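> Next up, target.txt (compact mmCIF, C-alpha atoms).
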```txt
# COMPACT_ATOMS: atom_id res chain seq x y z
CA MET A 27 0.00 0.00 0.00
CA ILE A 28 2.87 2.35 0.71
CA ASN A 29 4.54 3.53 -2.46
CA GLU A 30 7.58 5.03 -0.75
CA ALA A 31 10.41 3.40 1.14
CA PRO A 32 9.73 2.76 4.85
CA THR A 33 12.58 5.15 5.71
CA ASN A 34 10.40 7.96 4.42
CA LEU A 35 7.68 6.93 6.83
CA TRP A 36 10.19 7.01 9.69
CA LEU A 37 11.33 10.44 8.58
CA MET A 38 7.73 11.70 8.48
CA ILE A 39 7.06 10.26 11.96
CA ILE A 40 10.14 11.96 13.40
CA VAL A 41 9.41 15.34 11.82
CA LEU A 42 5.76 15.09 12.87
CA ALA A 43 6.75 14.22 16.44
CA ILE A 44 9.04 17.26 16.63
CA SER A 45 6.42 19.55 15.10
CA ALA A 46 3.65 18.30 17.38
CA TYR A 47 5.85 18.81 20.43
CA LEU A 48 6.90 22.31 19.36
CA LEU A 49 3.26 23.34 18.91
CA LYS A 50 2.36 22.15 22.40
CA MET A 51 5.49 23.64 23.91
CA PHE A 52 5.13 27.01 22.22
CA GLY A 53 1.70 27.49 23.71
CA LEU A 54 2.56 26.30 27.19
CA VAL A 55 6.10 27.59 27.70
CA VAL A 56 7.15 30.19 25.14
CA LEU A 57 4.18 32.38 24.32
CA GLY A 58 2.91 32.42 27.88
CA SER A 59 -0.54 33.85 28.54
CA ARG A 60 -0.57 36.03 25.45
CA GLN A 61 -3.97 36.11 23.77
CA LEU A 62 -4.39 35.11 20.16
CA PRO A 63 -6.69 37.29 18.08
CA LYS A 64 -10.28 35.98 18.43
CA VAL A 65 -10.60 35.21 14.72
CA PHE A 66 -7.39 33.17 14.73
CA ASP A 67 -8.54 31.28 17.79
CA ARG A 68 -11.89 30.48 16.20
CA CYS A 69 -10.38 29.33 12.91
CA LEU A 70 -7.91 27.03 14.66
CA GLY A 71 -10.81 25.56 16.59
CA LEU A 72 -12.61 24.75 13.34
CA ILE A 73 -9.74 22.72 11.86
CA PRO A 74 -10.96 19.38 13.26
CA ALA A 75 -14.50 19.99 11.96
CA ALA A 76 -13.19 20.71 8.45
CA LEU A 77 -10.49 18.04 8.26
CA LEU A 78 -12.27 15.19 10.01
CA SER A 79 -15.24 15.32 7.65
CA ALA A 80 -12.84 15.42 4.68
CA LEU A 81 -11.00 12.38 6.09
CA VAL A 82 -14.25 10.48 6.64
CA LEU A 83 -15.35 11.06 3.04
CA LYS A 84 -11.93 10.24 1.60
CA ASP A 85 -11.76 6.97 3.53
CA THR A 86 -15.29 5.97 2.59
CA PHE A 87 -15.72 7.07 -1.01
CA SER A 88 -12.29 6.97 -2.62
CA VAL A 89 -9.53 4.60 -3.59
CA GLY A 90 -6.45 6.56 -4.55
CA GLN A 91 -7.67 9.35 -6.78
CA SER A 92 -10.92 7.74 -7.89
CA LEU A 93 -14.26 8.16 -6.23
CA MET A 94 -16.12 4.92 -5.73
CA VAL A 95 -18.97 3.39 -3.83
CA ASP A 96 -18.37 -0.07 -2.36
CA ALA A 97 -18.96 -2.12 0.81
CA ARG A 98 -17.43 0.65 2.93
CA VAL A 99 -20.54 2.76 2.43
CA GLY A 100 -22.53 0.25 4.49
CA GLY A 101 -19.99 0.50 7.29
CA PHE A 102 -20.02 4.28 7.00
CA ALA A 103 -23.82 4.44 7.34
CA VAL A 104 -23.77 2.16 10.37
CA ALA A 105 -20.94 4.18 11.95
CA VAL A 106 -22.77 7.48 11.46
CA ILE A 107 -25.93 6.14 13.09
CA ALA A 108 -24.03 4.56 15.98
CA ALA A 109 -21.88 7.65 16.59
CA TRP A 110 -24.91 9.91 16.39
CA ARG A 111 -26.57 7.80 19.09
CA ARG A 112 -23.42 8.30 21.15
CA ALA A 113 -22.31 4.68 21.12
CA PRO A 114 -18.75 4.25 22.43
CA LEU A 115 -16.02 3.97 19.80
CA ILE A 116 -15.52 0.24 20.26
CA VAL A 117 -19.21 -0.37 19.46
CA VAL A 118 -19.06 1.98 16.46
CA VAL A 119 -15.99 0.24 15.02
CA VAL A 120 -17.28 -3.31 15.63
CA LEU A 121 -20.69 -2.55 14.08
CA ALA A 122 -19.19 -0.70 11.11
CA ALA A 123 -16.55 -3.38 10.51
CA GLY A 124 -19.23 -6.09 10.76
CA ALA A 125 -21.41 -4.33 8.20
CA THR A 126 -18.47 -3.82 5.83
CA ALA A 127 -17.27 -7.42 6.12
CA PHE A 128 -20.83 -8.70 5.62
CA LEU A 129 -21.38 -6.65 2.46
CA ARG A 130 -18.00 -7.80 1.14
CA ALA A 131 -18.81 -11.45 1.79
CA ILE A 132 -22.17 -11.52 0.00
CA MET B 6 -10.03 14.26 50.11
CA THR B 7 -13.15 12.95 48.39
CA GLU B 8 -12.83 15.87 45.96
CA LEU B 9 -9.30 14.76 45.15
CA ARG B 10 -10.53 11.21 44.63
CA ARG B 11 -13.21 12.43 42.24
CA VAL B 12 -10.59 14.24 40.16
CA VAL B 13 -8.35 11.17 40.00
CA VAL B 14 -11.22 8.80 39.17
CA SER B 15 -12.53 10.97 36.33
CA SER B 16 -9.01 11.23 34.89
CA LEU B 17 -8.46 7.50 34.95
CA THR B 18 -11.92 6.70 33.54
CA LEU B 19 -11.11 8.91 30.60
CA GLY B 20 -7.79 7.09 30.21
CA GLY B 21 -9.60 3.77 29.88
CA ALA B 22 -11.94 5.13 27.20
CA VAL B 23 -8.99 6.53 25.30
CA GLY B 24 -7.31 3.10 25.40
CA ILE B 25 -10.10 1.80 23.14
CA PHE B 26 -9.38 4.58 20.66
CA ALA B 27 -5.72 3.62 20.74
CA LEU B 28 -6.61 -0.01 20.07
CA SER B 29 -8.33 0.98 16.84
CA PHE B 30 -5.44 3.29 15.96
CA GLY B 31 -3.02 0.39 16.33
CA VAL B 32 -5.07 -1.87 14.07
CA ALA B 33 -5.69 0.86 11.49
CA SER B 34 -2.09 2.05 11.43
CA VAL B 35 -0.55 -1.36 10.69
CA SER B 36 -3.25 -2.10 8.13
CA ALA B 37 -2.27 1.18 6.43
CA GLY B 38 1.27 -0.13 6.09
CA ALA B 39 3.18 1.02 9.19
CA SER B 40 5.22 -1.46 11.20
CA VAL B 41 4.42 -2.17 14.85
CA TRP B 42 7.43 -0.04 15.85
CA GLN B 43 6.37 2.86 13.65
CA THR B 44 2.84 2.67 15.03
CA CYS B 45 4.13 2.70 18.61
CA ALA B 46 6.53 5.56 17.83
CA LEU B 47 3.58 7.64 16.61
CA SER B 48 1.71 7.14 19.87
CA LEU B 49 4.77 7.64 22.08
CA PHE B 50 6.23 10.71 20.43
CA VAL B 51 3.48 12.41 18.44
CA PHE B 52 0.87 11.69 21.11
CA THR B 53 -2.06 13.58 19.69
CA GLY B 54 -4.77 11.26 18.41
CA ALA B 55 -6.42 12.95 15.45
CA SER B 56 -3.03 13.80 13.89
CA GLN B 57 -1.82 10.21 14.15
CA PHE B 58 -5.00 8.83 12.58
CA SER B 59 -4.89 11.44 9.82
CA ALA B 60 -1.23 10.83 8.95
CA MET B 61 -1.68 7.07 8.62
CA SER B 62 -4.96 7.41 6.75
CA VAL B 63 -3.21 9.45 4.05
CA VAL B 64 -0.18 7.12 3.99
CA GLY B 65 -2.45 4.09 3.71
CA ALA B 66 -4.28 5.63 0.76
CA GLY B 67 -0.95 6.00 -1.03
CA GLY B 68 -0.44 9.71 -0.41
CA SER B 69 2.95 11.37 -0.18
CA MET B 70 4.66 11.77 3.18
CA LEU B 71 4.42 15.53 2.78
CA ALA B 72 0.65 15.43 2.35
CA ALA B 73 0.35 13.08 5.32
CA TYR B 74 2.50 15.41 7.40
CA GLY B 75 0.57 18.53 6.33
CA GLY B 76 -2.82 17.26 7.42
CA ALA B 77 -1.44 15.91 10.69
CA VAL B 78 0.25 19.20 11.57
CA LEU B 79 -2.91 21.18 10.85
CA LEU B 80 -4.78 18.92 13.26
CA ALA B 81 -2.01 19.33 15.85
CA ALA B 82 -2.19 23.12 15.66
CA ARG B 83 -5.01 23.34 18.16
CA ASN B 84 -2.65 22.05 20.85
CA LEU B 85 -1.01 25.45 20.59
CA VAL B 86 -4.28 26.98 21.75
CA TYR B 87 -4.54 24.45 24.58
CA GLY B 88 -0.99 25.28 25.63
CA LEU B 89 -1.87 28.97 25.74
CA ALA B 90 -4.98 28.24 27.80
CA LEU B 91 -2.91 26.27 30.33
CA SER B 92 0.11 28.57 30.35
CA SER B 93 -1.04 30.75 33.25
CA SER B 94 -1.15 27.59 35.38
CA ALA B 95 2.05 26.13 33.95
CA LYS B 96 4.28 27.14 36.86
CA SER B 97 1.90 25.84 39.52
CA MET B 98 1.30 22.61 37.59
CA ALA B 99 4.82 21.80 36.54
CA GLY B 100 7.30 24.05 38.36
CA ASN B 101 10.68 24.87 36.83
CA LEU B 102 11.51 25.12 33.14
CA PRO B 103 12.69 21.52 32.55
CA ARG B 104 9.49 20.25 34.17
CA ARG B 105 7.37 22.58 32.06
CA LEU B 106 9.15 21.39 28.93
CA PHE B 107 8.32 17.82 29.97
CA ALA B 108 4.71 18.76 30.76
CA ALA B 109 4.31 20.21 27.27
CA HIS B 110 4.24 16.70 25.76
CA PHE B 111 0.97 16.07 27.61
CA VAL B 112 -0.85 19.19 26.40
CA ILE B 113 -3.81 17.69 24.49
CA ASP B 114 -7.62 18.03 24.46
CA GLU B 115 -8.30 15.83 27.46
CA THR B 116 -5.62 17.13 29.84
CA THR B 117 -6.60 20.71 29.02
CA ALA B 118 -10.31 20.09 29.51
CA LEU B 119 -9.90 18.29 32.83
CA ALA B 120 -7.24 20.66 34.20
CA LEU B 121 -9.22 23.80 33.36
CA ALA B 122 -12.36 22.30 34.90
CA GLN B 123 -10.71 22.45 38.34
CA SER B 124 -11.14 25.51 40.51
CA SER B 125 -7.98 25.35 42.64
CA PRO B 126 -4.35 25.26 41.43
CA ARG B 127 -3.76 22.12 43.48
CA PHE B 128 -6.56 20.16 41.82
CA ARG B 129 -5.55 21.55 38.45
CA LYS B 130 -2.11 20.08 38.95
CA VAL B 131 -3.53 16.72 40.04
CA ALA B 132 -5.97 16.66 37.11
CA PHE B 133 -3.31 17.56 34.56
CA TRP B 134 -0.81 14.94 35.68
CA THR B 135 -3.19 12.06 36.39
CA THR B 136 -4.95 12.63 33.07
CA GLY B 137 -1.68 13.14 31.22
CA ILE B 138 0.21 10.15 32.61
CA GLY B 139 -2.88 7.90 32.76
CA LEU B 140 -3.85 8.71 29.22
CA PHE B 141 -0.32 8.32 27.93
CA THR B 142 -0.11 4.87 29.51
CA PHE B 143 -3.47 3.66 28.18
CA TRP B 144 -2.88 5.26 24.77
CA ASN B 145 0.40 3.49 24.28
CA LEU B 146 -0.73 0.15 25.70
CA GLY B 147 -3.81 0.24 23.47
CA THR B 148 -1.69 1.12 20.44
CA LEU B 149 0.71 -1.76 21.04
CA ILE B 150 -2.08 -4.32 21.52
CA GLY B 151 -3.96 -3.00 18.48
CA ALA B 152 -0.84 -3.03 16.31
CA LEU B 153 0.02 -6.60 17.29
CA ALA B 154 -3.57 -7.70 16.67
CA GLY B 155 -3.60 -5.87 13.34
CA THR B 156 -0.55 -7.76 12.07
CA ALA B 157 -2.07 -11.09 13.11
CA ILE B 158 -5.31 -10.73 11.12
CA ASP B 159 -6.35 -9.60 7.65
CA PRO B 160 -7.98 -6.21 8.29
CA GLN B 161 -9.77 -6.20 4.90
CA LYS B 162 -11.48 -9.49 5.61
CA PHE B 163 -12.85 -8.27 8.93
CA GLY B 164 -13.90 -4.93 7.47
CA LEU B 165 -11.36 -3.19 9.71
CA ASP B 166 -10.37 -0.71 7.02
CA ILE B 167 -13.53 1.01 8.24
CA ALA B 168 -11.71 1.70 11.54
CA PHE B 169 -10.31 4.95 10.11
CA PRO B 170 -13.59 6.56 9.01
CA ALA B 171 -15.38 5.20 12.08
CA ALA B 172 -12.86 6.83 14.40
CA PHE B 173 -13.01 10.07 12.42
CA ILE B 174 -16.82 10.07 12.68
CA VAL B 175 -16.68 9.62 16.45
CA MET B 176 -14.13 12.46 16.72
CA LEU B 177 -16.23 14.66 14.42
CA VAL B 178 -19.58 14.41 16.25
CA PRO B 179 -18.78 16.88 19.08
CA HIS B 180 -17.72 19.48 16.50
CA LEU B 181 -21.14 19.34 14.85
CA ARG B 182 -22.88 20.84 17.89
CA SER B 183 -22.16 24.41 16.85
CA LYS B 184 -23.50 26.00 13.69
CA LEU B 185 -20.01 27.16 12.72
CA GLY B 186 -18.70 23.64 13.22
CA ARG B 187 -21.40 22.21 10.94
CA GLN B 188 -20.61 24.81 8.27
CA ALA B 189 -16.87 24.13 8.38
CA SER B 190 -17.49 20.40 8.31
CA ALA B 191 -19.87 20.54 5.33
CA LEU B 192 -17.58 22.83 3.37
CA GLY B 193 -14.49 20.78 4.24
CA GLY B 194 -16.22 17.62 3.01
CA VAL B 195 -17.30 19.23 -0.26
CA LEU B 196 -13.84 20.70 -0.92
CA CYS B 197 -12.29 17.27 -0.40
CA LEU B 198 -14.72 15.41 -2.64
CA VAL B 199 -14.50 17.83 -5.56
CA SER B 200 -10.71 17.92 -5.51
CA ILE B 201 -10.03 14.22 -4.92
CA SER B 202 -9.90 13.19 -8.58
CA PHE B 203 -7.39 15.78 -9.78
CA LEU B 204 -5.14 16.54 -6.79
CA PRO B 205 -2.44 14.20 -5.43
CA ILE B 206 -3.65 11.80 -2.74
CA GLY B 207 -3.89 13.49 0.66
CA VAL B 208 -3.80 17.03 -0.70
CA PRO B 209 -7.63 17.34 -0.71
CA ILE B 210 -7.39 17.03 3.09
CA LEU B 211 -5.22 20.16 3.11
CA ILE B 212 -7.61 21.94 0.76
CA ALA B 213 -10.44 21.09 3.17
CA ALA B 214 -8.68 23.24 5.77
CA LEU B 215 -9.77 26.31 3.79
CA ALA B 216 -13.21 25.65 5.24
CA VAL B 217 -12.07 27.15 8.56
CA LEU B 218 -12.39 30.53 6.86
CA VAL B 219 -16.12 30.36 7.66
CA GLY B 220 -14.91 31.44 11.09
CA VAL B 221 -13.52 34.73 9.78
CA ARG B 222 -16.72 36.48 8.81
CA ASN B 223 -18.72 35.16 11.72
CA ASP B 224 -17.77 37.80 14.29
CA GLN B 225 -20.19 37.42 17.15
```
Do you think you could lay out the structure here as structure tokens?

Amino acid sequence: MINEAPTNLWLMIIVLAISAYLLKMFGLVVLGSRQLPKVFDRCLGLIPAALLSALVLKDTFSVGQSLMVDARVGGFAVAVIAAWRRAPLIVVVVLAAGATAFLRAI
Amino acid sequence: MTELRRVVVSSLTLGGAVGIFALSFGVASVSAGASVWQTCALSLFVFTGASQFSAMSVVGAGGSMLAAYGGAVLLAARNLVYGLALSSSAKSMAGNLPRRLFAAHFVIDETTALALAQSSPRFRKVAFWTTGIGLFTFWNLGTLIGALAGTAIDPQKFGLDIAFPAAFIVMLVPHLRSKLGRQASALGGVLCLVSISFLPIGVPILIAALAVLVGVRNDQ
């Protein structure tokens, strides 16, 4: 599945680890209790909303660069319903995986 | 004393719940092509859930390392805001500079939420450290178990490739409570879907970040 050498994955992990730490550390230690502009604060807070929905759709409806509908859609639908009803993650994953595996098997 | 116990119990309960998330990260990460070591390194050293999931989701789809990194860093950016929110308590929670630098690794959603929920500096310190250390332990144990399990089975056969979107859905739900969150989420999804067929794999996730601009005009 990975089209690059595993060393590249190690490199990405290391750079990501350093970046993630610096972001945490900058807020806590360096910048102190300085206030970010309200707009900036709000936009940063919206990143998960924007990216997580993009990630959900990518993982459900695409393979590589092509859009496609397959067994994963069943799992997706089950996961949405379960998550909406506030089922714990383990239940969401088991139900969604079950639905996907079932659709694949028939 | 009972108050202290309540703080510790709620921190550890959260740690247990997070362990389940880590389990699914471990399975998903190895099924996306990472080794057990790489998967564990992500949880030990990146230690911010959404970023880890996002990075491996893009890698698994065949995206470039740069695209995987970009999305993950964007998701990690909010820890900067959490750090700022905790910074006025940093000295009372962690003490001298080396300790504060160590504490920084544990600045994530859960530690921030539980620490800021406490009224006294003493409880804030207890909440931060019990949540931080407890969560770190459960997160890494869960990752290891999940990664080992993921190498032992065929994730496709058990439908476990759905673990990525399922985890993303669970993480997304709380963000849909606000109108602005729903707008950003809808726009982010649309931007990703329309750009998927002509942009390199993983880049649509970065394009989706433009959706946060709905927060600019909404000045309440």
> Enumerate as a ChimeraX atom specification the residues belonging to chain B that approach chain A to within 6 Å, with only C-alpha atoms taken into account.
/B:50-51,66-67,81,83-85,88-89,92-93,109-110,112,163-165,167-168,170-171,173,175,177,180,186,189-190,193-194,197,201-202,210,213-214,216-217,220-221
> Generate a file of the selected residues that holds C-alpha atoms, formatted as a short mmCIF file (atom, residue, chain, number, x, y, z; two decimals), keeping the file's coordinate frame.

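selection_7.cif, written as the output of this step:
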```cif
data_model
loop_
_atom_site.label_atom_id
_atom_site.label_comp_id
_atom_site.auth_asym_id
_atom_site.auth_seq_id
_atom_site.Cartn_x
_atom_site.Cartn_y
_atom_site.Cartn_z
CA PHE B 50 6.23 10.71 20.43
CA VAL B 51 3.48 12.41 18.44
CA ALA B 66 -4.28 5.63 0.76
CA GLY B 67 -0.95 6.00 -1.03
CA ALA B 81 -2.01 19.33 15.85
CA ARG B 83 -5.01 23.34 18.16
CA ASN B 84 -2.65 22.05 20.85
CA LEU B 85 -1.01 25.45 20.59
CA GLY B 88 -0.99 25.28 25.63
CA LEU B 89 -1.87 28.97 25.74
CA SER B 92 0.11 28.57 30.35
CA SER B 93 -1.04 30.75 33.25
CA ALA B 109 4.31 20.21 27.27
CA HIS B 110 4.24 16.70 25.76
CA VAL B 112 -0.85 19.19 26.40
CA PHE B 163 -12.85 -8.27 8.93
CA GLY B 164 -13.90 -4.93 7.47
CA LEU B 165 -11.36 -3.19 9.71
CA ILE B 167 -13.53 1.01 8.24
CA ALA B 168 -11.71 1.70 11.54
CA PRO B 170 -13.59 6.56 9.01
CA ALA B 171 -15.38 5.20 12.08
CA PHE B 173 -13.01 10.07 12.42
CA VAL B 175 -16.68 9.62 16.45
CA LEU B 177 -16.23 14.66 14.42
CA HIS B 180 -17.72 19.48 16.50
CA GLY B 186 -18.70 23.64 13.22
CA ALA B 189 -16.87 24.13 8.38
CA SER B 190 -17.49 20.40 8.31
CA GLY B 193 -14.49 20.78 4.24
CA GLY B 194 -16.22 17.62 3.01
CA CYS B 197 -12.29 17.27 -0.40
CA ILE B 201 -10.03 14.22 -4.92
CA SER B 202 -9.90 13.19 -8.58
CA ILE B 210 -7.39 17.03 3.09
CA ALA B 213 -10.44 21.09 3.17
CA ALA B 214 -8.68 23.24 5.77
CA ALA B 216 -13.21 25.65 5.24
CA VAL B 217 -12.07 27.15 8.56
CA GLY B 220 -14.91 31.44 11.09
CA VAL B 221 -13.52 34.73 9.78
#
```
> Calculate how many Å separate atom CA of Val195 of chain B from atom CA of Pro209 of chain B, rounding to one decimal.
9.9 Å
> Counting all atoms listed in the file, select every polymer residue within 9 Å of (-7.9, 13.7, 37.2) as defined in the file's coordinates, and provide the selection as a VMD selection string.
chain B and resid 9 to 19 116 119 to 120 128 to 137 139
> Please measure the separation of atom CA of Val32 of chain B and atom CA of Phe111 of chain B, giving the value in Å to one decimal.
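So the answer is 23.3 Å.
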> One number please: atom CA of Gly21 of chain B to atom CA of Thr53 of chain B, in Å, one decimal.
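Spanning atom CA of Gly21 of chain B to atom CA of Thr53 of chain B is a straight-line distance of 16.0 Å.
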> List the spatial neighbours of Ser36 of chain B as a list in words - criterion: any atom at most 10 Å away, all atoms listed in the file, same-chain residues fewer than 3 positions off excluded.
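That gives Met27 of chain A; Phe30, Gly31, Val32, Ala33, Ala39, Ser40, Met61, Ser62, Gly65, Ala152, Gly155, Thr156, Ile158, Asp159, Pro160, Gln161, Leu165, Asp166 and Ala168 of chain B.
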> Around (0.5, 6.1, 13.3) in the file's frame, which residues reach within 6 Å when counting only C-alpha atoms? Return as an MDAnalysis selection string?
chainID B and resid 34 44 47 57 61
> Calculated over all atoms listed in the file, which of the candidates B:Ala82, B:Ile25, B:Ile113, B:Gly38 has the smallest distance to Ile138 of chain B?
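The answer is B:Ile113, which sits nearest to Ile138 of chain B.
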